[in-house]
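S.K.: Let me give you the structure first, and then I'll get to my questions.
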Amino acid sequence: MNPGAEMLRLERIGHVAVATLSRPPVNALDETLVARLEAVLDEIAGDDEVTVLHIRSDQKAFCAGADLALMRTCFSTTDGPDAMLGVVSRMQRLFARIENAPLVALAEIGGAALGGGMELALACDIRVAAAEAKLGFPEVGLGLLPGAGGTQRLTRLCGRGVANRLILGAEVTDGAGAERLGLVQWVRPREQLAIWTRELAERISALPKAAVAEAKRCVAAQGDPTRDGFAEELAASQRLYHHPETRRRVSEFLNRSTTQGHSKETL
């Protein structure tokens, strides 16, 4: 068995890779769990059949952040801060891989997503939260900051005002508040969350992966001064025009429109 496999189970359901965090009691992030997440990405990175990575939890919490035992160890020795910085740097790289993966990363947040757990969720493309979930960044209250990408992704996603409110104020909000602030795209009662999110993952996974990957890259180009998003749109469109799956779907759409007498139908 792979190290940490019991902490994170990976299951394939059609074109969805379901990664279930299972490290009692709160899925705290330590080096072993981070390594297991890295291994999951290694496993699915080259799999053209995986369109969605669905990250969820079988614990009460989604992920409550960094492991307290790890923090205690790191802060009890003279070289501990450097060791902790190494862990945070590794988490940064992991979350960047999730953010840049050519698939849709979907976070199902059924419970607390705090600190590093919230940073994991923000690295995903889509977030669904239970109304009862608790989301936020309490780090400043400990004299720290969300250093695994939290300050950057939250500001980019919700704007500086919301980032200042949540990070500088160490504020924790519930699912409904997270939806109002833009942290999550949907909120559902906890008892409905698993089924609703699974159906969402199934719907997205039925979309052509090449188009999903190209669209994701173009969306990411917006706001990046080193990239020309308009030029990337044209380049991506050109690649898709020649893609066999695109040609098949467009042909079927046009044939169906002609057969049904809707020759003027548009996309």
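Ligands are numbered from 1 in the order shown, residues from 1 within each chain, and chains are lettered A, B, ... in the order they appear in the structure tokens.
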Excluding range 224-238 of chain A and any residue of its chain fewer than 4 positions from it, enumerate the residues within 8 Å of it, using only C-alpha atoms, and give them as JSON, numbers by chain.

M.R.: {"A": [214, 215, 218, 219, 220, 242]}

S.K.: Keeping only C-alpha atoms, write those residues as a PDB file, in the first residue's frame.

M.R.:
```
ATOM      1  CA  GLU A 214      -8.380  24.813 -23.142  1.00  0.00           C
ATOM      2  CA  ALA A 215     -11.150  26.933 -21.622  1.00  0.00           C
ATOM      3  CA  CYS A 218      -7.821  30.819 -21.208  1.00  0.00           C
ATOM      4  CA  VAL A 219      -9.788  31.815 -18.103  1.00  0.00           C
ATOM      5  CA  ALA A 220      -6.549  31.672 -16.097  1.00  0.00           C
ATOM      6  CA  HIS A 242      -8.845  20.271 -35.481  1.00  0.00           C
TER       7      HIS A 242
END
```

S.K.: Give me, as JSON lines, each residue of range 181-208 of chain A that comes within 8 Å of range 49-54 of chain A, together with its shortest interatomic pair and the distance in Å at one decimal, counting only C-alpha atoms, with rows ordered by chain and rising residue number.

M.R.:
```
{"residue": "A:Ala201", "atom": "CA", "partner": "A:Val52", "partner_atom": "CA", "distance": 6.6}
{"residue": "A:Ile204", "atom": "CA", "partner": "A:Val52", "partner_atom": "CA", "distance": 7.2}
{"residue": "A:Ser205", "atom": "CA", "partner": "A:Thr51", "partner_atom": "CA", "distance": 5.2}
{"residue": "A:Leu207", "atom": "CA", "partner": "A:Thr51", "partner_atom": "CA", "distance": 8.0}
{"residue": "A:Pro208", "atom": "CA", "partner": "A:Thr51", "partner_atom": "CA", "distance": 7.9}
```

S.K.: Within 6 Å of range 64-71 of chain A, counting only C-alpha atoms, which residues qualify if same-chain residues fewer than 5 places away don't, as a ChimeraX atom specification?

M.R.: /A:26,28-30,112-117

S.K.: Taking the chain letters and numbering used in this document, name the residues of range 37-259 of chain A that DSSP puts in helix (DSSP H, G or I), as a PyMOL selection string.

M.R.: chain A and resi 37-45+68-74+80-100+116-122+139-142+150-158+160-168+175-181+190-205+209-221+229-241+244-259

S.K.: Which residue gives the smallest distance to Glu38 in chain A among A:Arg9, A:Arg97, A:Arg256, A:Lys216, with only C-alpha atoms counted?

M.R.: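 Using only C-alpha atoms, the shortest distance to Glu38 in chain A belongs to A:Arg97.
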
S.K.: For the atom pair CA of Thr197 in chain A and CA of Leu181 in chain A, what is the interatomic distance in Å to one decimal place?

M.R.: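 These two atoms are separated by 20.2 Å.
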
S.K.: Rounded to one decimal, what separation in Å do you get between CA of Gln192 in chain A and CA of Ile55 in chain A?

M.R.: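 CA of Ile55 in chain A lies 16.5 Å from CA of Gln192 in chain A.
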
S.K.: Which polymer residues have any atom within 9 Å of an atom of range 88-93 of chain A, counting only C-alpha atoms, with same-chain residues fewer than 2 positions away left out, as a list in words?

M.R.: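 With the cut-off at 9 Å, the set is Glu31, Val34, Ala83, Met84, Leu85, Gly86, Phe95, Ala96, Arg97, Ile98, Gly116, Glu119, Leu120, Gly147, Ala148 and Gly149 of chain A.
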
S.K.: Quick one, how far is CA of Ala129 in chain A from CA of Glu11 in chain A?

M.R.: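 Taking CA of Ala129 in chain A as the start and CA of Glu11 in chain A as the end point, the length is 21.2 Å.
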
S.K.: List as a PyMOL selection string the protein and nucleic acid residues near Glu179 in chain A, meaning an atom at most 10 Å away when only C-alpha atoms are counted, but skip any in the same chain fewer than 5 places from it.

M.R.: chain A and resi 127-129+131+173-174+184-187

S.K.: Could you check which of A:Pro102, A:Gly223, A:Pro146, A:Gly4 is closest to Ala210 in chain A, using only C-alpha atoms?

M.R.: A:Pro102

S.K.: So, counting only C-alpha atoms, which residue among A:Leu94, A:Ala130, A:Ala17, A:Leu200 is closest to Glu43 in chain A?

M.R.: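 Checking each candidate against Glu43 in chain A, we get A:Ala17 as the closest.
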
S.K.: Could you please write out, as number ranges by chain, every residue of range 15-140 of chain A that DSSP assigns to strand (DSSP E or B)?

M.R.: A: 16-21, 29, 52-57, 63, 66, 104-109, 113-114, 126-130, 134-136

S.K.: Let me make sure I understand: among A:Asp79, A:Asp47, A:Glu6, A:Glu139, which one has the smallest atom-to-atom distance to Thr151 in chain A if we use only C-alpha atoms?

M.R.: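 That would be A:Glu139, the residue with the smallest distance to Thr151 in chain A.
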
S.K.: With only C-alpha atoms as the counted atoms, please give the residues lying no more than 8 Å from Ile167 in chain A, apart from itself and same-chain residues fewer than 2 positions off, as a ChimeraX atom specification.

M.R.: /A:136-140,145-146,151,163-165,169-171
